[in-house]
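Colleague: As input, take input-v4.txt (compact mmCIF, C-alpha atoms):
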```txt
# COMPACT_ATOMS: atom_id res chain seq x y z
CA MET A 1 0.00 0.00 0.00
CA SER A 2 2.78 2.41 0.88
CA GLU A 3 4.34 1.68 -2.49
CA ARG A 4 1.14 2.65 -4.23
CA LEU A 5 0.60 5.79 -2.21
CA SER A 6 4.10 6.93 -2.97
CA GLU A 7 3.22 6.91 -6.65
CA ILE A 8 0.37 9.39 -6.22
CA GLU A 9 1.55 12.80 -7.32
CA THR A 10 0.95 15.50 -4.76
CA GLU A 11 2.62 18.53 -6.30
CA LEU A 12 0.39 21.07 -7.97
CA ARG A 13 1.22 22.39 -11.43
CA ILE A 14 0.60 26.01 -12.36
CA GLY A 15 -3.13 26.81 -12.26
CA GLU A 16 -4.14 23.64 -10.46
CA VAL A 17 -6.51 23.98 -7.53
CA ALA A 18 -7.23 21.37 -4.86
CA VAL A 19 -10.29 21.32 -2.59
CA GLU A 20 -10.76 19.61 0.74
CA LEU A 21 -12.28 16.17 0.23
CA PRO A 22 -15.43 15.20 2.14
CA SER A 23 -14.61 13.62 5.48
CA GLN A 24 -16.28 10.35 4.54
CA ALA A 25 -17.47 8.36 1.55
CA ASP A 26 -21.14 8.16 0.62
CA ALA A 27 -21.04 4.59 -0.70
CA GLY A 28 -18.54 1.77 -1.16
CA VAL A 29 -17.35 -0.07 -4.24
CA PHE A 30 -16.14 -3.65 -4.48
CA PHE A 31 -13.13 -4.51 -6.59
CA ILE A 32 -14.53 -7.45 -8.59
CA GLY A 33 -11.44 -8.46 -10.50
CA THR A 34 -8.11 -7.29 -11.89
CA ILE A 35 -7.00 -5.90 -15.24
CA LEU A 36 -3.71 -7.22 -16.62
CA THR A 37 -1.92 -5.04 -19.17
CA PRO A 38 1.63 -4.68 -20.51
CA TRP A 39 2.03 -1.27 -18.82
CA ARG A 40 3.71 -1.28 -15.41
CA THR A 41 3.53 2.46 -14.69
CA ARG A 42 1.18 5.25 -15.67
CA ARG A 43 3.94 6.75 -17.76
CA ASP A 44 4.10 3.59 -19.90
CA CYS A 45 0.37 3.62 -20.66
CA PRO A 46 -0.89 4.79 -24.05
CA LYS A 47 -2.81 8.03 -23.88
CA ARG A 48 -5.86 6.40 -25.32
CA GLY A 49 -6.89 2.77 -25.79
CA SER A 50 -7.13 1.45 -29.33
CA PHE A 51 -8.78 -1.58 -30.87
CA ASP A 52 -5.46 -2.04 -32.66
CA GLY A 53 -3.64 -2.14 -29.32
CA PRO A 54 -2.38 -5.22 -27.50
CA VAL A 55 -4.71 -7.87 -26.14
CA CYS A 56 -5.12 -7.41 -22.39
CA SER A 57 -6.76 -9.66 -19.80
CA ILE A 58 -9.57 -8.97 -17.38
CA VAL A 59 -9.69 -11.57 -14.61
CA VAL A 60 -12.97 -11.63 -12.71
CA ASP A 61 -12.99 -12.83 -9.09
CA ASP A 62 -14.50 -16.28 -8.46
CA ARG A 63 -17.43 -14.76 -6.57
CA TRP A 64 -18.65 -12.99 -9.71
CA GLN A 65 -17.64 -15.47 -12.43
CA ALA A 66 -21.18 -16.73 -13.06
CA ALA A 67 -22.19 -13.16 -13.94
CA LEU A 68 -20.10 -13.48 -17.15
CA THR A 69 -22.64 -15.92 -18.59
CA ASP A 70 -23.69 -14.82 -22.11
CA ILE A 71 -21.21 -11.91 -22.23
CA ALA A 72 -19.50 -13.60 -25.21
CA ALA A 73 -22.53 -12.65 -27.31
CA TYR A 74 -21.27 -9.06 -27.34
CA ARG A 75 -18.42 -7.80 -29.45
CA ARG A 76 -17.97 -4.55 -27.55
CA ILE A 77 -17.99 -4.30 -23.81
CA GLN A 78 -17.92 -1.29 -21.52
CA VAL A 79 -15.33 -1.70 -18.77
CA LEU A 80 -15.46 0.39 -15.61
CA TYR A 81 -12.38 0.39 -13.43
CA TRP A 82 -10.90 2.21 -10.47
CA MET A 83 -7.87 4.43 -11.10
CA HIS A 84 -6.39 3.62 -7.72
CA ARG A 85 -3.25 5.72 -8.12
CA ALA A 86 -4.93 9.04 -8.85
CA ARG A 87 -5.45 11.92 -6.44
CA ARG A 88 -9.10 13.01 -6.10
CA ASP A 89 -9.07 16.61 -4.91
CA LEU A 90 -8.35 18.76 -7.99
CA VAL A 91 -11.05 21.01 -9.50
CA PHE A 92 -8.65 22.73 -11.92
CA GLN A 93 -5.96 20.75 -13.71
CA THR A 94 -3.13 21.67 -16.03
CA PRO A 95 -2.42 18.67 -18.27
CA PHE A 96 1.18 18.53 -19.44
CA GLY A 97 1.71 21.14 -22.13
CA LYS A 98 -1.92 22.31 -22.08
CA ALA A 99 -4.06 25.08 -20.63
CA THR A 100 -5.63 24.87 -17.18
CA THR A 101 -9.13 23.38 -17.36
CA GLY A 102 -11.92 22.21 -15.06
CA THR A 103 -11.70 18.56 -14.02
CA PHE A 104 -15.08 17.68 -15.56
CA ALA A 105 -13.88 19.01 -18.94
CA LEU A 106 -11.11 16.36 -18.88
CA ARG A 107 -10.99 12.58 -18.87
CA SER A 108 -7.89 12.66 -16.67
CA PRO A 109 -7.67 9.97 -13.95
CA VAL A 110 -7.59 12.80 -11.39
CA ARG A 111 -11.25 13.35 -10.36
CA PRO A 112 -13.41 13.09 -7.24
CA ASN A 113 -14.38 9.51 -8.10
CA PRO A 114 -11.53 7.97 -10.11
CA ILE A 115 -13.80 5.73 -12.19
CA ALA A 116 -12.66 5.14 -15.77
CA SER A 117 -14.90 3.95 -18.57
CA SER A 118 -13.47 2.26 -21.66
CA ILE A 119 -15.13 0.54 -24.58
CA VAL A 120 -13.19 -2.58 -25.50
CA GLU A 121 -13.42 -5.23 -28.17
CA LEU A 122 -14.03 -8.66 -26.73
CA VAL A 123 -11.58 -11.13 -28.25
CA ALA A 124 -12.26 -14.24 -26.15
CA VAL A 125 -13.75 -15.47 -22.89
CA ALA A 126 -12.26 -18.46 -21.05
CA GLY A 127 -13.54 -19.21 -17.58
CA ALA A 128 -13.18 -16.06 -15.50
CA THR A 129 -10.79 -14.37 -17.94
CA LEU A 130 -11.73 -12.01 -20.75
CA ARG A 131 -9.25 -11.16 -23.48
CA VAL A 132 -9.91 -7.67 -24.84
CA ARG A 133 -8.42 -4.88 -26.96
CA GLY A 134 -8.79 -1.16 -26.31
CA LEU A 135 -7.56 -0.70 -22.75
CA ASP A 136 -4.97 1.89 -21.69
CA CYS A 137 -4.64 1.35 -17.93
CA VAL A 138 -1.78 0.28 -15.75
CA ASP A 139 -1.21 -3.41 -14.94
CA GLY A 140 -3.09 -4.48 -11.82
CA THR A 141 -5.91 -1.93 -12.09
CA PRO A 142 -8.98 -2.97 -10.05
CA LEU A 143 -12.11 -3.84 -12.06
CA LEU A 144 -15.49 -2.34 -11.12
CA ASP A 145 -17.95 -3.44 -13.78
CA LEU A 146 -18.54 -4.95 -17.21
CA LYS A 147 -21.56 -4.09 -19.35
CA PRO A 148 -22.60 -4.73 -22.94
CA ASP A 149 -21.87 -1.60 -24.93
CA TYR A 150 -24.57 0.48 -26.53
CA PRO A 151 -23.57 3.23 -28.93
CA ILE A 152 -25.45 6.11 -27.32
CA ALA A 153 -27.29 6.93 -24.12
CA SER A 154 -27.84 4.06 -21.70
CA SER A 155 -30.14 1.10 -21.53
CA LYS A 156 -31.62 -1.06 -18.85
CA ASP A 157 -32.20 -4.07 -21.10
CA MET B 1 -33.38 6.20 4.32
CA SER B 2 -35.85 3.54 5.44
CA GLU B 3 -38.17 4.66 2.67
CA ARG B 4 -35.45 4.09 0.11
CA LEU B 5 -34.44 0.71 1.47
CA SER B 6 -38.02 -0.46 1.35
CA GLU B 7 -38.00 0.15 -2.40
CA ILE B 8 -35.16 -2.28 -3.01
CA GLU B 9 -36.60 -5.51 -4.34
CA THR B 10 -35.45 -8.56 -2.43
CA GLU B 11 -37.48 -11.36 -4.02
CA LEU B 12 -35.73 -13.54 -6.57
CA ARG B 13 -37.37 -14.30 -9.90
CA ILE B 14 -37.06 -17.72 -11.54
CA GLY B 15 -33.43 -18.44 -12.44
CA GLU B 16 -31.97 -15.58 -10.43
CA VAL B 17 -28.97 -16.37 -8.24
CA ALA B 18 -27.60 -14.21 -5.42
CA VAL B 19 -24.10 -14.46 -3.95
CA GLU B 20 -22.83 -13.32 -0.58
CA LEU B 21 -21.41 -9.80 -0.87
CA PRO B 22 -17.87 -9.10 0.39
CA SER B 23 -17.86 -8.10 4.05
CA GLN B 24 -16.40 -4.68 3.29
CA ALA B 25 -15.91 -2.21 0.48
CA ASP B 26 -12.54 -1.79 -1.24
CA ALA B 27 -12.89 1.96 -1.89
CA GLY B 28 -15.37 4.75 -1.27
CA VAL B 29 -17.23 7.04 -3.65
CA PHE B 30 -18.37 10.60 -2.99
CA PHE B 31 -21.78 11.75 -4.19
CA ILE B 32 -20.82 14.99 -5.93
CA GLY B 33 -24.26 16.25 -6.89
CA THR B 34 -27.84 15.26 -7.63
CA ILE B 35 -29.72 14.41 -10.82
CA LEU B 36 -33.21 15.87 -11.13
CA THR B 37 -35.59 14.11 -13.52
CA PRO B 38 -39.38 13.93 -14.05
CA TRP B 39 -39.44 10.28 -12.89
CA ARG B 40 -40.27 9.69 -9.24
CA THR B 41 -40.00 5.89 -9.21
CA ARG B 42 -37.99 3.34 -11.15
CA ARG B 43 -41.21 2.16 -12.75
CA ASP B 44 -41.80 5.61 -14.24
CA CYS B 45 -38.34 5.78 -15.85
CA PRO B 46 -37.93 5.20 -19.58
CA LYS B 47 -36.11 2.01 -20.41
CA ARG B 48 -33.44 3.92 -22.21
CA GLY B 49 -32.47 7.59 -22.32
CA SER B 50 -33.04 9.48 -25.55
CA PHE B 51 -31.74 12.77 -26.90
CA ASP B 52 -35.39 13.43 -27.77
CA GLY B 53 -36.37 12.95 -24.13
CA PRO B 54 -37.10 15.69 -21.58
CA VAL B 55 -34.46 18.12 -20.39
CA CYS B 56 -33.19 17.05 -16.97
CA SER B 57 -30.95 18.87 -14.49
CA ILE B 58 -27.67 17.86 -12.95
CA VAL B 59 -26.85 19.96 -9.90
CA VAL B 60 -23.22 19.77 -8.83
CA ASP B 61 -22.33 20.36 -5.17
CA ASP B 62 -20.63 23.68 -4.35
CA ARG B 63 -17.39 21.93 -3.47
CA TRP B 64 -16.97 20.74 -7.07
CA GLN B 65 -18.54 23.60 -9.02
CA ALA B 66 -15.21 25.01 -10.25
CA ALA B 67 -14.51 21.66 -11.92
CA LEU B 68 -17.30 22.47 -14.45
CA THR B 69 -15.10 25.16 -16.03
CA ASP B 70 -14.93 24.67 -19.82
CA ILE B 71 -17.42 21.77 -19.84
CA ALA B 72 -19.76 23.89 -22.02
CA ALA B 73 -17.32 23.37 -24.90
CA TYR B 74 -18.62 19.80 -25.23
CA ARG B 75 -21.92 18.85 -26.79
CA ARG B 76 -21.97 15.33 -25.41
CA ILE B 77 -21.07 14.46 -21.86
CA GLN B 78 -20.68 11.12 -20.15
CA VAL B 79 -22.54 11.02 -16.85
CA LEU B 80 -21.72 8.43 -14.19
CA TYR B 81 -24.21 8.02 -11.38
CA TRP B 82 -24.98 5.70 -8.49
CA MET B 83 -28.12 3.57 -8.76
CA HIS B 84 -28.76 3.76 -5.05
CA ARG B 85 -31.95 1.71 -5.04
CA ALA B 86 -30.54 -1.42 -6.68
CA ARG B 87 -29.52 -4.64 -4.96
CA ARG B 88 -25.92 -5.71 -5.67
CA ASP B 89 -25.75 -9.45 -5.11
CA LEU B 90 -27.20 -11.09 -8.25
CA VAL B 91 -24.98 -13.00 -10.69
CA PHE B 92 -27.91 -14.34 -12.73
CA GLN B 93 -30.90 -12.15 -13.50
CA THR B 94 -34.22 -12.73 -15.21
CA PRO B 95 -35.38 -9.43 -16.70
CA PHE B 96 -39.15 -9.18 -16.95
CA GLY B 97 -40.36 -11.31 -19.86
CA LYS B 98 -36.85 -12.42 -20.83
CA ALA B 99 -34.47 -15.33 -20.40
CA THR B 100 -32.12 -15.65 -17.44
CA THR B 101 -28.72 -14.08 -18.17
CA GLY B 102 -25.46 -13.25 -16.42
CA THR B 103 -25.37 -9.81 -14.78
CA PHE B 104 -22.41 -8.62 -16.91
CA ALA B 105 -24.40 -9.40 -20.08
CA LEU B 106 -27.03 -6.87 -18.94
CA ARG B 107 -27.07 -3.13 -18.28
CA SER B 108 -29.57 -3.65 -15.46
CA PRO B 109 -29.10 -1.43 -12.35
CA VAL B 110 -28.62 -4.64 -10.35
CA ARG B 111 -24.85 -5.29 -10.31
CA PRO B 112 -22.00 -5.51 -7.78
CA ASN B 113 -21.20 -1.82 -8.25
CA PRO B 114 -24.40 -0.02 -9.25
CA ILE B 115 -22.64 2.57 -11.40
CA ALA B 116 -24.57 3.73 -14.46
CA SER B 117 -23.04 5.41 -17.49
CA SER B 118 -25.11 7.56 -19.82
CA ILE B 119 -24.15 9.76 -22.73
CA VAL B 120 -26.19 12.96 -22.64
CA GLU B 121 -26.53 16.01 -24.82
CA LEU B 122 -25.53 19.17 -23.00
CA VAL B 123 -28.22 21.82 -23.48
CA ALA B 124 -26.99 24.55 -21.11
CA VAL B 125 -24.76 25.25 -18.14
CA ALA B 126 -25.73 27.86 -15.54
CA GLY B 127 -23.65 28.07 -12.37
CA ALA B 128 -23.59 24.61 -10.83
CA THR B 129 -26.51 23.30 -12.90
CA LEU B 130 -26.29 21.44 -16.20
CA ARG B 131 -29.36 21.00 -18.36
CA VAL B 132 -29.11 17.81 -20.39
CA ARG B 133 -31.11 15.38 -22.54
CA GLY B 134 -30.68 11.61 -22.61
CA LEU B 135 -31.03 10.53 -18.99
CA ASP B 136 -33.35 7.77 -17.80
CA CYS B 137 -32.78 7.66 -14.04
CA VAL B 138 -35.03 8.31 -11.10
CA ASP B 139 -35.31 11.79 -9.58
CA GLY B 140 -32.75 12.37 -6.84
CA THR B 141 -30.13 9.96 -8.18
CA PRO B 142 -26.64 10.70 -6.79
CA LEU B 143 -24.06 11.96 -9.29
CA LEU B 144 -20.57 10.39 -9.43
CA ASP B 145 -18.80 11.97 -12.39
CA LEU B 146 -18.99 14.04 -15.57
CA LYS B 147 -16.56 13.59 -18.46
CA PRO B 148 -16.39 14.83 -22.04
CA ASP B 149 -17.65 12.05 -24.27
CA TYR B 150 -15.47 10.28 -26.75
CA PRO B 151 -17.08 7.94 -29.27
CA ILE B 152 -14.91 4.88 -28.67
CA ALA B 153 -12.34 3.62 -26.21
CA SER B 154 -11.20 6.08 -23.55
CA SER B 155 -8.85 9.00 -23.41
CA LYS B 156 -6.72 10.73 -20.84
CA ASP B 157 -6.64 14.06 -22.65
```
How would this structure read if it were set down as structure tokens?
Modeller:
Amino acid sequence: MSERLSEIETELRIGEVAVELPSQADAGVFFIGTILTPWRTRRDCPKRGSFDGPVCSIVVDDRWQAALTDIAAYRRIQVLYWMHRARRDLVFQTPFGKATTGTFALRSPVRPNPIASSIVELVAVAGATLRVRGLDCVDGTPLLDLKPDYPIASSKD
Amino acid sequence: MSERLSEIETELRIGEVAVELPSQADAGVFFIGTILTPWRTRRDCPKRGSFDGPVCSIVVDDRWQAALTDIAAYRRIQVLYWMHRARRDLVFQTPFGKATTGTFALRSPVRPNPIASSIVELVAVAGATLRVRGLDCVDGTPLLDLKPDYPIASSKD
């Protein structure tokens, strides 16, 4: 844990503004699996996932494996994951080489709830492991959710 | 709170399977605002949001208002919210009138982490309030995140 915390950047760049975080969380998330990628640090990660990128693995915990039933029917899957190495308190950010901008006008990992959403192409499913293309996260990232992808808006089907 | 809990369905339909939830959460989320819609109960909600649907409001808490800076430059926004009335322990579900399916092959609110993702059209921003089209959630739903939308994959721009 200390190793991970030490990777969280705490210095502010020009224009960046931090706020005090709430004293407690409003709800809890479960890490339901782990994402395995070729990228060991955030610096190694591609800026944006690509369907031409390497095949990565999503390993779902035993508890939730049955919930993968029928997922192979979908070619594109939405993956939600927890960007566990990102600070959460910035309202203004200055991305490297860019102008200062509000956090909600960026897809940066730094946000009050560090939840990432990627659309991936499902290559194969074997047991509790999905093989996918399109991810851009660091190796060992905790998984939050998998959903069939729909092109626009949401659906409760 | 008791009113809300009483709305969570606890009966299993044919084919549905529940698992024991982990004894504790792995991380905490902050509710950063509230979504205001015309739908007072889950039954009233449309099955799927539409850009032709009614204009709804997203009210961001004061603490995070500055993070909205520059969001008006985007026409489409990804909204993440917490489906606070959904149970979290089903691995197999039987949607009304349909076959039993694994939870990750559905976009149902019932999932280990009840995080919904919708793409909405941004109509206006005034102070801490966004007016948007494309939502389908119940009035009072807690907001988790706002991001500029990208059509495929993710981005850390």
Colleague: Env of segment 23-26 of chain B: 12 Å cut, atoms = all atoms listed in the file, seq-sep filter 6 positions within chain, self excluded. Answer as an NGL selection string.
Modeller: (:A and (25-33 or 82 or 84 or 142-144)) or (:B and (112-113))
Colleague: What are the residues of chain B lining chain A at 6 Å or less? Count only C-alpha atoms, and put the answer as a PyMOL selection string.
Modeller: chain B and resi 25-30+47-49+66-71+91-92+102-105+107-108+113+118-119+134+146-148+152-157
Colleague: Could you tell me how far atom CA of Arg85 of chain B lies from atom CA of Asp44 of chain B, in Å and to one decimal?
Modeller: 14.0 Å
Colleague: Just checking: using only C-alpha atoms, which residue out of A:Leu12, A:Val60, A:Leu36, A:Met83 ends up closest to Gly127 of chain A?
Modeller: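 Closest to Gly127 of chain A, using only C-alpha atoms: A:Val60.
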Colleague: State, in Å with one decimal place, the distance from atom CA of Ala99 of chain A to atom CA of Val132 of chain B.
Modeller: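 So the answer is 26.1 Å.
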Colleague: What is the distance, in Å and to one decimal place, between atom CA of Arg131 of chain A and atom CA of Gly53 of chain A?
Modeller: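 Separation between atom CA of Arg131 of chain A and atom CA of Gly53 of chain A: 12.1 Å.
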Colleague: Between A:Ala86, A:Val55, A:Leu130, A:Leu122, which one has atoms that come closest to Arg42 of chain A, using all atoms listed in the file?
Modeller: A:Ala86
Colleague: Grab all the atoms of segment 114-117 of chain A that the file lists, wrap them in a box along x, y and z, add 8 Å per side, and give me centre plus edge lengths in Å (one decimal) as lines of an AutoDock Vina configuration file.
Modeller:
```
center_x = -13.2
center_y = 6.0
center_z = -14.3
size_x = 19.4
size_y = 20.0
size_z = 24.5
```
